[in-house]
Amino acid sequence: MKKENIIWSAVKTGLIFGVITIFLSFVGMVEVFSKRDVVEHVITLGQFVLLAAAFASGLISSRGTLNPPGQNKSLPALTAGLVAGLVTGTLLGLLVFAIGDSAEPALRKIFLNASPSLYQLLTIGKGAGNYWVMPTVGAISGLLGAAYLLLPELLRRPINRALLVVVFMALFSGLFRVVFINQGPGMEVVAKFLFGQTGLTVAGTLIFFIGVILIALFWNYRGEQIQSGVARLPKSGQVSLRVATIALIAFVALGLPLVSGPFIAQVIVTVALFILMGLGLNITLGFAGLLDLGFVAFYAIGAYTVGLLTSYGPFGLQHIPFWVAVPIAVLVAMGAGFMLGLPVLGVRGDYLAIATLGFGEIIRLLAGSDFLAPFFGGPQGIIGIQKPCLGTLEPFLKVDVPRVCNGIELGKPQDIYYIAVASALLIAFVAWRLRESRLGRAWMAIREDEDVAEALGVNLIQTKLLAYMLGAAMAGLGGAIFATLIGSIFATSMQLLVSINVVSLIIVGGMGSIPGVIVGAIALIGLPELLREVSEFRYLLYGMTLIIMMLAKPEGLWPSQATLRELHHSDVKAETKA
Amino acid sequence: MLKLDNVHTFYGNIHALKGITLSIEKGEIVTLIGGNGAGKTTTLRTISGLLKPREGSVTLEGEDLIKYKAHEVVYKGVSMVPEGRGVFARLSVMENLEMGAYSLKSKQELDKNIERVFTLFPRLKERRTQVAGTLSGGEQQMLATGRALMANPRILLMDEPSMGLAPVLVELIFETIQQINKVGVTVLLVEQNALMALAIADRGYVLQTGEIVLTDTAENLKKNPMVQKAYLGVE
């Protein structure tokens, strides 16, 4: 009876993963991914996705048999893994059968992506009638998934790390290759040894895999010793160690744009801008609990202010330097935060979300409207925004002839990088100080219970308005830098999606947590930007990530101290009760 | 010390308080008993400024309280322990207490008050880094009470401190209320648990559908047949 249950649940898991992979095949993701390799000439990214699905179904279904843990149950676990993997593979085999071997498959009339090349892929190039390939491969992967779970923790963790590193390196191998090659002929040899055109080379894969395992094993045996050694250091030693770490990070951060080229620098700038917006929304939403779905409005206001104040285009009002325009943009955004805050002061929860959503849309529509086109350029936007200049721009105010910057012009993304990263760090520091301040406490009290906070002496009007204003100021700073980075602004880039992205990155990072904002921005903004090749499926993957995150780790990637404490203490409580 | 004179409070069109008149002298424990919907919580919210009366006056030692906003009333020495405790669930015990002292200016006073609260509730000291939402009901009530005391109140408004607590804990809380009262804090105690409330109170008011129907010393109220029948369960 028990055994049947195991088999049945393994079949169910296998079916779920099989259906997912078929779906991914039909939307064309597997095929597109197959243009990239994980290991060059050995396994493509598309094949890797299929294998990973079978592997995961094996792992998950065998985990079900190990509950409760303790006794040796390797046989049922392996069986479950094998069955689940086999079912997943069989579904893919059926897909192969359904597509058929003709040049113009019947199924293709409905599913455009059920193409001969998908057929090739699913039979690993063996061609006609090889329906057995996928079930076999699936069964083996499922079995491996189960076996992986049975490995002792000591081995499993290094393998886990190594796999993650290899996949990461493979995904970004093109970037690494270019960056390395740019460093000169010496590095070029290394780059070509490790990274192929489309993925890692075999040698590179082995080096990364074995290297990470060795490091992880070493850390397993010696990690505690090293940590306690560090803890035993005299105070001055610890301080200098910390200074050295910070110096190293600073050195990497400062040197990065010099070696990375404009693309990576621009991605990092984008991440930094979203960090700025995230930190801002983290104040209104994370600290004060006021959900704002129109946050992009402040970004737009910051960007347009800088645009109008510095542009040489037809809509530029003044030509003042970037450095003066930015503080003005921040102040204007702050004022906009005040203007938004006033009418919605008494609005709570869901209603607030809808009201702010409206605000965001109004700002976007106004900026792009024909009605205000004489001021904001309407659909044409504002172009010719001045680059920041380290030096003097003479004369100070509006002139008709373009002026030359008699100093260093910060025009390239690599230059804006420094401005963006420095701003993000500065604002992260400000947010952290705010959080620890009396005002921060008051925000969190409001988030927990408005009435009680008010009864304790918190001035709701003042405190909420400050949350809106400071949040808006940070987003405005982000917008201001964005305007100079791109050199032009269009109302169409101020979509609702930007606001949604900011809310998502806060939730994924961990509500109310400052490092969470940074991690969330890197994960949700940075990674998809770097993986531009798969951009067709960007929002599919994005949505999947959000759902999986909310199911598996609802507290976020880097939760705030309070959330951690909460979890920690509930454990303690459970123990004392038992 | 605290006087309410002919107070009428409305929730929209609902006439919740229909002319409440009551007074509390310095150093007293006064209880306000009554059933669900009698207007007990509304009375407390009116005193603390969260609701504004349409008519009547609320004065603290002769000073009009109505003209102050809710967040200013605490500066006048009125602290509230809200119904259902209202601790800040995701903040730690320490942070909750610090929020209680939001109206204080000096750090020294804050530290002194925290010490005082910890002597009163040693349990809170043990759990000071814990998040308030994970405390037990009794501990949350202690925290809500301690938080209200952080503001150095002259008068403490307590809204159903016994709600949802085990009898042992109710006794503990009521003992603490007496202790707090002994060091000079006047207490206005709103309760459904009339038996316990009358046991520690000096005087009591009985509230029914927004009106005060009876007032006397606690001793006499306990003997009053109407009170016995309606609130003490004596047939």
# chains A, B, ... in the order shown; residues from 1 in each chain; ligands from 1
$ interface_residues --of "chain A" --to "chain B" --cutoff "6 Å" --atoms "only C-alpha atoms" --output "count of residues only"
8
$ residues_around --residues "Met339 (chain A)" --least-positions-apart "6" --cutoff "12 Å" --atoms "only C-alpha atoms" --output "VMD selection string"
chain A and resid 297 to 298 332 to 333 345 356 359 465 to 466 468 to 469 472
$ write_last_selection --atoms "N, CA and C atoms" --output "mmCIF file, in the first residue's frame"
data_model
loop_
_atom_site.group_PDB
_atom_site.id
_atom_site.type_symbol
_atom_site.label_atom_id
_atom_site.label_comp_id
_atom_site.auth_asym_id
_atom_site.auth_seq_id
_atom_site.Cartn_x
_atom_site.Cartn_y
_atom_site.Cartn_z
ATOM 1 N N ALA A 297 6.397 57.580 -11.218
ATOM 2 C CA ALA A 297 6.118 58.999 -11.404
ATOM 3 C C ALA A 297 7.271 59.864 -10.897
ATOM 4 N N PHE A 298 7.818 59.512 -9.750
ATOM 5 C CA PHE A 298 8.892 60.327 -9.176
ATOM 6 C C PHE A 298 10.174 60.190 -9.986
ATOM 7 N N VAL A 332 12.461 68.775 -6.535
ATOM 8 C CA VAL A 332 11.185 68.775 -7.261
ATOM 9 C C VAL A 332 10.444 67.456 -7.027
ATOM 10 N N ALA A 333 11.205 66.331 -7.084
ATOM 11 C CA ALA A 333 10.583 65.028 -6.830
ATOM 12 C C ALA A 333 10.008 64.992 -5.417
ATOM 13 N N LEU A 345 -3.524 60.968 2.169
ATOM 14 C CA LEU A 345 -3.130 60.759 3.568
ATOM 15 C C LEU A 345 -4.064 59.801 4.305
ATOM 16 N N THR A 356 -2.431 55.529 -5.904
ATOM 17 C CA THR A 356 -1.078 55.842 -6.364
ATOM 18 C C THR A 356 -0.857 55.339 -7.790
ATOM 19 N N PHE A 359 -1.960 57.966 -9.934
ATOM 20 C CA PHE A 359 -1.000 59.068 -9.962
ATOM 21 C C PHE A 359 0.126 58.788 -10.953
ATOM 22 N N LEU A 465 3.863 62.062 5.354
ATOM 23 C CA LEU A 465 4.325 62.947 4.284
ATOM 24 C C LEU A 465 5.833 62.838 4.119
ATOM 25 N N LEU A 466 6.550 62.735 5.245
ATOM 26 C CA LEU A 466 8.004 62.593 5.157
ATOM 27 C C LEU A 466 8.369 61.294 4.442
ATOM 28 N N TYR A 468 6.610 59.763 2.105
ATOM 29 C CA TYR A 468 6.395 59.973 0.669
ATOM 30 C C TYR A 468 7.489 60.838 0.075
ATOM 31 N N MET A 469 7.843 61.913 0.802
ATOM 32 C CA MET A 469 8.800 62.868 0.242
ATOM 33 C C MET A 469 10.186 62.263 0.119
ATOM 34 N N ALA A 472 10.227 59.653 -2.572
ATOM 35 C CA ALA A 472 10.183 60.299 -3.881
ATOM 36 C C ALA A 472 11.533 60.915 -4.234
#
$ atom_distance --atom1 "CA of Gly526 (chain A)" --atom2 "CA of Gly440 (chain A)"
28.9 Å
$ residues_around --residues "Pro528 (chain A)" --least-positions-apart "5" --cutoff "10 Å" --atoms "only C-alpha atoms" --output "list in words"
Val267, Ile522, Ala523, Glu533, Val534, Ser535, Phe537, Arg538, Tyr539, Leu541 and Tyr542 of chain A
$ write_last_selection --atoms "all heavy atoms" --output "compact mmCIF listing (two decimals), in the first residue's frame"
# COMPACT_ATOMS: atom_id res chain seq x y z
N VAL A 267 24.68 48.02 -17.61
CA VAL A 267 23.81 47.14 -16.83
C VAL A 267 23.92 47.49 -15.35
O VAL A 267 22.92 47.60 -14.64
CB VAL A 267 24.17 45.66 -17.07
CG1 VAL A 267 23.44 44.77 -16.08
CG2 VAL A 267 23.82 45.26 -18.48
N ILE A 522 19.70 43.27 -8.16
CA ILE A 522 20.64 42.49 -8.96
C ILE A 522 19.93 41.29 -9.58
O ILE A 522 20.08 40.99 -10.76
CB ILE A 522 21.84 42.04 -8.10
CG1 ILE A 522 22.66 43.26 -7.69
CG2 ILE A 522 22.70 41.03 -8.84
CD1 ILE A 522 23.74 42.98 -6.68
N ALA A 523 19.10 40.61 -8.76
CA ALA A 523 18.46 39.38 -9.24
C ALA A 523 17.39 39.68 -10.29
O ALA A 523 17.32 38.99 -11.31
CB ALA A 523 17.85 38.62 -8.06
N GLU A 533 20.06 37.71 -24.61
CA GLU A 533 19.77 36.78 -25.71
C GLU A 533 18.44 36.09 -25.50
O GLU A 533 17.75 35.74 -26.45
CB GLU A 533 20.85 35.70 -25.81
CG GLU A 533 22.19 36.21 -26.24
CD GLU A 533 23.16 36.14 -25.11
OE1 GLU A 533 22.80 36.59 -24.00
OE2 GLU A 533 24.27 35.66 -25.33
N VAL A 534 18.10 35.85 -24.24
CA VAL A 534 16.86 35.12 -23.99
C VAL A 534 15.73 36.08 -23.64
O VAL A 534 14.78 35.73 -22.98
CB VAL A 534 17.04 34.08 -22.87
CG1 VAL A 534 18.04 33.04 -23.31
CG2 VAL A 534 17.46 34.73 -21.59
N SER A 535 15.89 37.33 -24.10
CA SER A 535 14.96 38.37 -23.66
C SER A 535 13.52 38.10 -24.05
O SER A 535 12.60 38.59 -23.41
CB SER A 535 15.39 39.72 -24.21
OG SER A 535 15.38 39.65 -25.61
N PHE A 537 11.95 35.57 -23.50
CA PHE A 537 11.31 34.81 -22.43
C PHE A 537 11.53 35.46 -21.08
O PHE A 537 11.30 34.87 -20.04
CB PHE A 537 11.83 33.38 -22.43
CG PHE A 537 11.57 32.71 -23.73
CD1 PHE A 537 12.58 32.54 -24.65
CD2 PHE A 537 10.28 32.32 -24.06
CE1 PHE A 537 12.33 31.97 -25.87
CE2 PHE A 537 10.03 31.74 -25.28
CZ PHE A 537 11.04 31.56 -26.19
N ARG A 538 11.98 36.70 -21.15
CA ARG A 538 12.35 37.39 -19.94
C ARG A 538 11.19 37.42 -18.93
O ARG A 538 11.35 37.06 -17.77
CB ARG A 538 12.74 38.82 -20.30
CG ARG A 538 13.24 39.60 -19.16
CD ARG A 538 13.78 40.90 -19.66
NE ARG A 538 14.03 41.77 -18.57
CZ ARG A 538 14.56 42.96 -18.72
NH1 ARG A 538 14.87 43.38 -19.92
NH2 ARG A 538 14.77 43.72 -17.69
N TYR A 539 10.01 37.81 -19.40
CA TYR A 539 8.91 37.95 -18.45
C TYR A 539 8.29 36.61 -18.06
O TYR A 539 7.71 36.49 -16.99
CB TYR A 539 7.88 38.95 -18.98
CG TYR A 539 8.44 40.34 -18.89
CD1 TYR A 539 8.86 41.05 -19.99
CD2 TYR A 539 8.64 40.91 -17.63
CE1 TYR A 539 9.44 42.29 -19.87
CE2 TYR A 539 9.22 42.16 -17.50
CZ TYR A 539 9.61 42.84 -18.62
OH TYR A 539 10.20 44.07 -18.49
N LEU A 541 10.20 33.94 -17.51
CA LEU A 541 11.10 33.51 -16.44
C LEU A 541 10.90 34.37 -15.19
O LEU A 541 10.91 33.87 -14.07
CB LEU A 541 12.55 33.62 -16.92
CG LEU A 541 12.92 32.65 -18.04
CD1 LEU A 541 14.31 32.96 -18.56
CD2 LEU A 541 12.87 31.23 -17.53
N TYR A 542 10.70 35.65 -15.43
CA TYR A 542 10.49 36.61 -14.34
C TYR A 542 9.28 36.19 -13.51
O TYR A 542 9.34 36.09 -12.28
CB TYR A 542 10.25 37.96 -15.00
CG TYR A 542 10.27 39.16 -14.10
CD1 TYR A 542 11.47 39.82 -13.87
CD2 TYR A 542 9.11 39.66 -13.55
CE1 TYR A 542 11.49 40.94 -13.09
CE2 TYR A 542 9.13 40.78 -12.77
CZ TYR A 542 10.32 41.43 -12.54
OH TYR A 542 10.33 42.54 -11.76
$ closest_residue --among "B:Leu2, B:Leu232, B:Leu143, B:Met163" --to "Leu198 (chain B)" --atoms "only C-alpha atoms"
B:Leu232
$ atom_distance --atom1 "CA of Trp8 (chain A)" --atom2 "CA of Ser74 (chain A)"
17.5 Å
$ residues_around --residues "region 111-118 of chain A" --least-positions-apart "3" --cutoff "6 Å" --atoms "only C-alpha atoms" --output "list in words"
Phe26, Gly28, Arg108 and Leu121 of chain A
$ write_last_selection --atoms "all heavy atoms" --output "PDB file, in the first residue's frame"
ATOM      1  N   PHE A  26       6.946  24.126 -26.340  1.00  0.00           N
ATOM      2  CA  PHE A  26       5.976  24.715 -27.260  1.00  0.00           C
ATOM      3  C   PHE A  26       6.100  26.227 -27.369  1.00  0.00           C
ATOM      4  O   PHE A  26       5.817  26.800 -28.416  1.00  0.00           O
ATOM      5  CB  PHE A  26       4.549  24.350 -26.824  1.00  0.00           C
ATOM      6  CG  PHE A  26       4.095  23.037 -27.369  1.00  0.00           C
ATOM      7  CD1 PHE A  26       3.069  22.338 -26.772  1.00  0.00           C
ATOM      8  CD2 PHE A  26       4.693  22.491 -28.501  1.00  0.00           C
ATOM      9  CE1 PHE A  26       2.645  21.126 -27.283  1.00  0.00           C
ATOM     10  CE2 PHE A  26       4.275  21.276 -29.013  1.00  0.00           C
ATOM     11  CZ  PHE A  26       3.253  20.588 -28.406  1.00  0.00           C
ATOM     12  N   GLY A  28       8.782  27.648 -27.305  1.00  0.00           N
ATOM     13  CA  GLY A  28      10.018  27.880 -28.051  1.00  0.00           C
ATOM     14  C   GLY A  28      11.234  28.138 -27.195  1.00  0.00           C
ATOM     15  O   GLY A  28      12.310  28.415 -27.702  1.00  0.00           O
ATOM     16  N   ARG A 108       2.743  21.421 -36.251  1.00  0.00           N
ATOM     17  CA  ARG A 108       3.304  22.751 -36.376  1.00  0.00           C
ATOM     18  C   ARG A 108       2.267  23.770 -36.812  1.00  0.00           C
ATOM     19  O   ARG A 108       2.461  24.985 -36.627  1.00  0.00           O
ATOM     20  CB  ARG A 108       4.466  22.728 -37.354  1.00  0.00           C
ATOM     21  CG  ARG A 108       5.371  23.893 -37.082  1.00  0.00           C
ATOM     22  CD  ARG A 108       6.619  23.866 -37.854  1.00  0.00           C
ATOM     23  NE  ARG A 108       7.410  25.023 -37.458  1.00  0.00           N
ATOM     24  CZ  ARG A 108       8.476  25.417 -38.068  1.00  0.00           C
ATOM     25  NH1 ARG A 108       8.913  24.726 -39.091  1.00  0.00           N
ATOM     26  NH2 ARG A 108       9.119  26.476 -37.659  1.00  0.00           N
ATOM     27  N   LEU A 121      16.454  18.121 -31.524  1.00  0.00           N
ATOM     28  CA  LEU A 121      16.931  18.363 -30.171  1.00  0.00           C
ATOM     29  C   LEU A 121      16.481  17.261 -29.229  1.00  0.00           C
ATOM     30  O   LEU A 121      17.234  16.762 -28.395  1.00  0.00           O
ATOM     31  CB  LEU A 121      16.369  19.711 -29.708  1.00  0.00           C
ATOM     32  CG  LEU A 121      16.850  20.221 -28.376  1.00  0.00           C
ATOM     33  CD1 LEU A 121      18.204  20.838 -28.569  1.00  0.00           C
ATOM     34  CD2 LEU A 121      15.876  21.220 -27.833  1.00  0.00           C
TER      35      LEU A 121
END
$ closest_residue --among "A:Val83, A:Val306, A:Val32, A:Ala300" --to "Lys12 (chain A)" --atoms "only C-alpha atoms"
A:Val83
$ atom_distance --atom1 "CA of Gly229 (chain A)" --atom2 "CA of Ala247 (chain A)"
21.2 Å
$ residues_around --residues "Val49 (chain A)" --least-positions-apart "3" --cutoff "10 Å" --atoms "only C-alpha atoms" --output "list in words"
Thr21, Leu24, Met29, Val30, Phe33, Ser34, Thr44, Leu45, Gly46, Ala52, Ala53, Ala54 and Phe55 of chain A
